[in-house]
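One structure below.
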Amino acid sequence: MNLTKNGNGKSGLAGARDMLSLDPLRNAWAGAPPVVRWIVYGLLIIGGVLLPSESIGSFMAPSGSDWASMLSTQIAIYVLLAIGLNVVVGMAGLLDLGYVAFYAVGAYTMAIFATKYNWTFWESLVLAILFSALAGVILGAPTLRLRGDYLAIVTLGFGEIVKRTANNSEYVNGPRGVQGIPHPPSLSEFEIMGVQPLKYGLLDSRPYYYLLLVFIIIAIIFVKRLENSRVGRAWVSIREDEDAAELMGVPTFKFKLAAFAIGAAIGGSGGVVFASQQTSITPLNFEFLVSALILAGVVLGGSGNLPGVMLGAAVLAWLPERFRFLSDYRMLIFGAALVVMMIFRPEGLWPSRQRKAELAEGTGGMGSMGAEVAGPDKPDFGPGETLEEGK
């Protein structure tokens, strides 16, 4: 086996990865005083508020697409869903291929109770979050004894069950879906810089983006608090070695069930906003491709690292629209970009240090869910081979 090394003893590919490392930025952030962190948080929120502006949209959506609509119907929704899926995949290490089911539960709960029982948006939102969390418990209770590929297959089946149930149920009009879903009630006529952020309707997508921005901020605070708590540490131990966690007294089943319920609740909240903005939904809105794209965003961004997951989901939602002017070739470019990223940044755009260490050790970077592969700086020897024999 031929290993090409540079002067530092690293392979050329590993050297390229080191050049793209975000470790200096991470170290600076770790040593930053609290006041600096709060200033950065404030600037990020201000940047999020200013994101729908036309000056930014002229670059981000040059193909004639409505930038504000792209933000509210795709990018912000994908980011919120990725935060929820990261709880299950990135933090607890459970491979979920049917995450779109919880998104659908939230959307259909909003549609049914708003159109049939005249519930308001806020009442339906609370109920949709509870129903989505309950769906996560219903899925997890009988299946979380499974691991790896078997769990992935079961979650994939659950996603298809939800979609086909909606497609064959006359109560929700089958494949015709539910129409006439009301918008959120306008809270105020307040206007700033030509935008009425609290007035919801058909013509302006920006209020929905700001509503999703609030949901995203709440989800970030909630998930980060969990990550730094006993629950987050239990999820990490389950992800790294579930058997060892059980031997150390961690109630793994309870914490895995909690991960499914919390991730499902966040996904359901995204479904509520989607349904209220679109005013009509059909089973075709909840295809398996949505689950696959959100999972790809989590892995692309850096599974287990919240900023990376959000970045990956945003990039995944934005790239196809950015190259829409290339017509049929845009998906080819999109796929090629993903392949290149996985070659040069297999740990993701913005990975956690722990996942980088896992990749270097050859555990696939996702705990027990990752494949056993050779790390970037490690030769792949055959059984009983030494370094000299493997060359």
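Chain identifiers are assigned as A, B, and so on, following the order in which chains appear in the structure tokens; residues are numbered from 1 within each chain, and ligands are numbered from 1 in order of appearance.
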With only C-alpha atoms as the counted atoms, please give the residues lying no more than 10 Å from Leu295 of chain A, apart from itself and same-chain residues fewer than 2 positions off, as a ChimeraX atom specification. /A:81-82,85-86,89-90,95-99,289-293,297-301,303,309,312-313
Generate a file of the selected residues that holds N, CA and C atoms, formatted as a CSV table (one decimal), in the first residue's frame.
```csv
chain,number,residue,atom,x,y,z
A,81,LEU,N,-35.5,22.0,10.8
A,81,LEU,CA,-35.6,20.6,10.8
A,81,LEU,C,-34.2,19.9,11.1
A,82,ALA,N,-33.2,20.5,10.6
A,82,ALA,CA,-31.8,20.0,10.9
A,82,ALA,C,-31.5,20.1,12.3
A,85,LEU,N,-33.3,17.1,13.8
A,85,LEU,CA,-32.7,15.8,13.5
A,85,LEU,C,-31.3,15.6,14.1
A,86,ASN,N,-30.6,16.8,14.3
A,86,ASN,CA,-29.3,16.7,15.0
A,86,ASN,C,-29.4,16.1,16.4
A,89,VAL,N,-29.7,12.3,15.5
A,89,VAL,CA,-28.5,11.7,14.8
A,89,VAL,C,-27.2,12.1,15.4
A,90,GLY,N,-27.0,13.4,15.5
A,90,GLY,CA,-25.7,14.0,15.9
A,90,GLY,C,-25.4,13.8,17.4
A,95,LEU,N,-29.7,6.7,13.8
A,95,LEU,CA,-29.9,6.9,12.4
A,95,LEU,C,-31.4,6.9,12.1
A,96,ASP,N,-32.0,8.1,11.8
A,96,ASP,CA,-33.4,8.2,11.5
A,96,ASP,C,-33.6,8.6,10.1
A,97,LEU,N,-34.2,7.7,9.3
A,97,LEU,CA,-34.4,8.0,7.9
A,97,LEU,C,-35.9,8.4,7.6
A,98,GLY,N,-36.7,8.5,8.7
A,98,GLY,CA,-38.1,8.8,8.5
A,98,GLY,C,-38.5,10.1,9.2
A,99,TYR,N,-37.5,11.0,9.3
A,99,TYR,CA,-37.8,12.3,10.1
A,99,TYR,C,-38.9,13.1,9.5
A,289,LEU,N,-37.5,12.1,0.2
A,289,LEU,CA,-36.4,12.9,-0.2
A,289,LEU,C,-36.1,14.0,0.8
A,290,VAL,N,-37.2,14.5,1.4
A,290,VAL,CA,-37.0,15.5,2.5
A,290,VAL,C,-36.2,15.0,3.6
A,291,SER,N,-36.5,13.8,4.1
A,291,SER,CA,-35.7,13.2,5.1
A,291,SER,C,-34.2,13.0,4.7
A,292,ALA,N,-34.0,12.6,3.5
A,292,ALA,CA,-32.7,12.4,3.0
A,292,ALA,C,-31.9,13.7,2.9
A,293,LEU,N,-32.5,14.7,2.4
A,293,LEU,CA,-31.9,16.0,2.3
A,293,LEU,C,-31.5,16.6,3.7
A,297,GLY,N,-27.8,17.3,5.1
A,297,GLY,CA,-27.4,18.6,5.7
A,297,GLY,C,-26.8,18.5,7.0
A,298,VAL,N,-27.3,17.6,7.8
A,298,VAL,CA,-26.7,17.3,9.2
A,298,VAL,C,-25.3,16.8,9.0
A,299,VAL,N,-25.1,15.8,8.1
A,299,VAL,CA,-23.8,15.2,7.9
A,299,VAL,C,-22.8,16.1,7.2
A,300,LEU,N,-23.3,16.9,6.2
A,300,LEU,CA,-22.5,17.8,5.5
A,300,LEU,C,-22.0,18.9,6.4
A,301,GLY,N,-22.9,19.4,7.3
A,301,GLY,CA,-22.5,20.5,8.1
A,301,GLY,C,-21.5,20.1,9.2
A,303,SER,N,-22.1,16.6,11.9
A,303,SER,CA,-23.0,16.0,12.8
A,303,SER,C,-22.6,16.2,14.2
A,309,VAL,N,-24.3,22.1,11.7
A,309,VAL,CA,-25.6,21.5,11.2
A,309,VAL,C,-26.4,22.6,10.5
A,312,GLY,N,-24.8,23.5,7.2
A,312,GLY,CA,-25.0,22.5,6.2
A,312,GLY,C,-26.4,22.5,5.6
A,313,ALA,N,-27.4,22.6,6.5
A,313,ALA,CA,-28.8,22.6,6.0
A,313,ALA,C,-29.1,23.8,5.1
```
For Met60 of chain A, find every residue with an atom within 8 Å (counting only C-alpha atoms), except residues of its own chain fewer than 4 positions away, and show them as a PyMOL selection string. chain A and resi 56+67+322
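Of note, atom CA of Gly93 of chain A and atom CA of Leu139 of chain A are spaced 16.3 Å apart.
For the choices A:Phe288, A:Leu306, A:Leu127, A:Ala32, the atom-to-atom distance to Arg225 of chain A is smallest for A:Leu306 when using only C-alpha atoms.
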Just checking: using only C-alpha atoms, which residue out of A:Val154, A:Val195, A:Val137, A:Leu146 ends up closest to Ser53 of chain A? A:Val195
Near-segment 175-188 of chain A list (9 Å; only C-alpha atoms; drop same-chain fewer than 5 positions) as a PyMOL selection string: chain A and resi 108+110-112+114-115+120-122+166-170+196-202+273+275-284
